[in-house]
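Visitor: Just passing along the structure, written as structure tokens.
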Amino acid sequence: MTQELNDGLPAREGALALIEAALSRRGGLDEAASANAFRFLEPRERAFARALAMAALRHLGPIDRALAGKLAKEPPPRVRNLLRLGATQAFFLEVPAFAAVATSVELAAANKTSRPFKGLVNAVLRGLLRDGGLSDASEHLAPPWLYARWVSAFGRDTADAIAAQIGFEPATDLSLKPDFDAAALAAELEGEILPGGTLRTERRGDVSAWPAFEDGVWWIQDAAAAIPARLLNLQPGETALDLCAAPGGKTLQMVAAGAQVVAVDRSPARLGRVTENLARMKLTAEVIAADAGVWEDTRTFDAVLLDAPCSATGTFRRHPDVLWAARPGDVASLAGVQGKLLDSAAGRLKPGGRLVYCVCSLEPEEGEAQVEAFLARRPDIKLDPIAPEEGGAPAASLTPRGTLRILPHHRDGGLDGFFAARFVKV
């Protein structure tokens, strides 16, 4: 039995690296997942490590609340994360209690920083197991400062409904080329076609082995993230600009619609993913590494899509680490960046051109407030109200102003949180 437990230690060490990265810096989870120490795990170990880290992040609120009652003082970060992973295994992954405790103690003993705390790891985890389950109260599921913001913005009932989604893994959404037989692929993947054309499937596992992957006819994209590009109503031959384009899902949509697309992003590394996706999909776009706010290019376009940098709090269904990596000051600082990018986008529109602004954020300062400030300082820009259910948006997401506020609790979509507004240049 000891050998069986030791065989699972590399995967758990990999999960520890993932959660440490996710909680120490924004984007850390994706970066850690591509690091050599994680990639060199066996496929089965890698899958378990990611599942364990993601489950810990989805349930971090209740776990940390329970740990607070067991810790007299704050332990080193590695020790706290070992406790988090041990509790996750025991309460959320159906790992036998003895294995959850034993492997956590072994990992503590394997590192000089955590070795003096192996007795604490053993005692705390056993104490949690004796106590039974963890709190499922809504206010304990999200970081307190974020939950308070949601209550203020949407009311307590809606905030509770949003927080309730944190612990659940979503289905996989696919966007398809317009000329592909979506119904046939949905049948193969045992999925369904959502309003707007997104294919949703509950299938798990390596997507590169799914039907038609190598044919380059679909890509992974949350159904909410697919809506903004549809709102541009692109026609074949029109010119379109995708600002802040990486990782490229919206670029693919715009090219597949027949537009001549320029994709701009400040990160050459992230643009590499855009280029790879375009190649797999057998699509072509002009890809430029530049800061969209100060990009020196005098061209104007029929349509501009600005998916602005944001706090990303609406994406927690697929990226639970964003909840715990975000800080209260992020919203205000990012709002300033968004305003500058909106002005840059407006200057790149032809007269009569359309601009769609979107953020995957639940915070009003990054959505509704940006719209009003933008219209106040730009008399050459008018709001173009979105029609009910346009682009596949849930009916409940349409605001009286004609913008979209998609919330993760919407039952008629099961989408990421998003805000979108459409403008026209007078």
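Residues are named by chain letter and number: chains run A, B, ... in the order of the structure tokens, numbers start at 1 in each chain, and ligands are numbered from 1 in the order shown.
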Could you pull out all residues of segment 119-262 of chain A with a DSSP call of strand (DSSP E) and give them as a list in words?

Guide: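 Secondary structure check on segment 119-262 of chain A, strand (DSSP E): Thr172, Asp173, Leu174, Ser175, Leu176, Glu192, Ile193, Leu199, Arg200, Thr201, Trp218, Trp219, Ile220, Thr239, Ala240, Leu241, Asp242, Leu243, Gln260, Val261 and Val262 of chain A.
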
Visitor: List the spatial neighbours of segment 94-102 of chain A as a list in words - criterion: any atom at most 10 Å away, only C-alpha atoms, same-chain residues fewer than 3 positions off excluded.

Guide: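 Once the nearby chain positions are removed, what remains is Met1, Thr2, Glu4, Leu5, Asn6, Gly8, Leu82, Leu83, Leu85, Gly86, Ala87, Thr88, Gln89, Ala90, Phe91, Val105, Glu106, Leu107, Ala108, Val121, Asn122, Ala123, Val124, Leu125, Arg126 and Leu129 of chain A.
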
Visitor: DSSP on the backbone, then: every residue of segment 111-170 of chain A marked helix (DSSP H, G or I), written as an NGL selection string.

Guide: :A and (115-131 or 138-140 or 144-154 or 156-163)

Visitor: For segment 205-209 of chain A, find every residue with an atom within 12 Å (counting only C-alpha atoms), except residues of its own chain fewer than 5 positions away, and show them as a PDB file with C-alpha atoms, in the first residue's frame.

Guide:
ATOM      1  CA  PRO A  43      -0.461  11.561 -19.230  1.00  0.00           C
ATOM      2  CA  ARG A  44      -2.525   9.920 -16.487  1.00  0.00           C
ATOM      3  CA  ARG A  46      -0.866  15.010 -15.613  1.00  0.00           C
ATOM      4  CA  ALA A  47      -4.630  14.605 -15.906  1.00  0.00           C
ATOM      5  CA  PHE A  48      -4.971  13.826 -12.192  1.00  0.00           C
ATOM      6  CA  ARG A  50      -4.777  19.208 -13.236  1.00  0.00           C
ATOM      7  CA  ALA A  51      -8.067  17.788 -11.970  1.00  0.00           C
ATOM      8  CA  ALA A 171     -19.384  21.561 -20.422  1.00  0.00           C
ATOM      9  CA  THR A 172     -17.112  22.149 -23.422  1.00  0.00           C
ATOM     10  CA  ASP A 173     -18.311  24.635 -26.052  1.00  0.00           C
ATOM     11  CA  LEU A 174     -17.151  24.563 -29.666  1.00  0.00           C
ATOM     12  CA  LEU A 189     -20.035  14.226 -29.696  1.00  0.00           C
ATOM     13  CA  GLU A 214      -7.525  17.523 -37.560  1.00  0.00           C
ATOM     14  CA  ASP A 215      -9.898  18.745 -40.274  1.00  0.00           C
ATOM     15  CA  GLY A 216      -9.761  22.250 -38.825  1.00  0.00           C
ATOM     16  CA  TRP A 218     -14.011  23.767 -34.978  1.00  0.00           C
ATOM     17  CA  TRP A 219     -12.268  25.336 -32.025  1.00  0.00           C
ATOM     18  CA  ILE A 220     -12.967  25.554 -28.301  1.00  0.00           C
ATOM     19  CA  ARG A 280      -5.056  24.446 -38.019  1.00  0.00           C
TER      20      ARG A 280
END

Visitor: Determine, counting only C-alpha atoms, which protein, DNA and RNA residues have an atom within 10 Å of an atom of Met54 of chain A; residues of the same chain fewer than 5 positions away are not included. Present the result as a ChimeraX atom specification.

Guide: /A:15,18-19,22,29,48-49,59-60,88,167,169,318-321

Visitor: Do a neighbour search on segment 302-306 of chain A at 6 Å with only C-alpha atoms, toss out local chain neighbours closer than 5 positions, and write the hits as number ranges by chain.

Guide: A: 239-243, 350, 353-357

Visitor: What does the distance between atom CA of Ala225 of chain A and atom CA of Val261 of chain A come to in Å, to one decimal place?

Guide: 18.0 Å

Visitor: State, in Å with one decimal place, the distance from atom CA of Gly414 of chain A to atom CA of Thr313 of chain A.

Guide: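 Distance reported for this atom pair: 15.4 Å.
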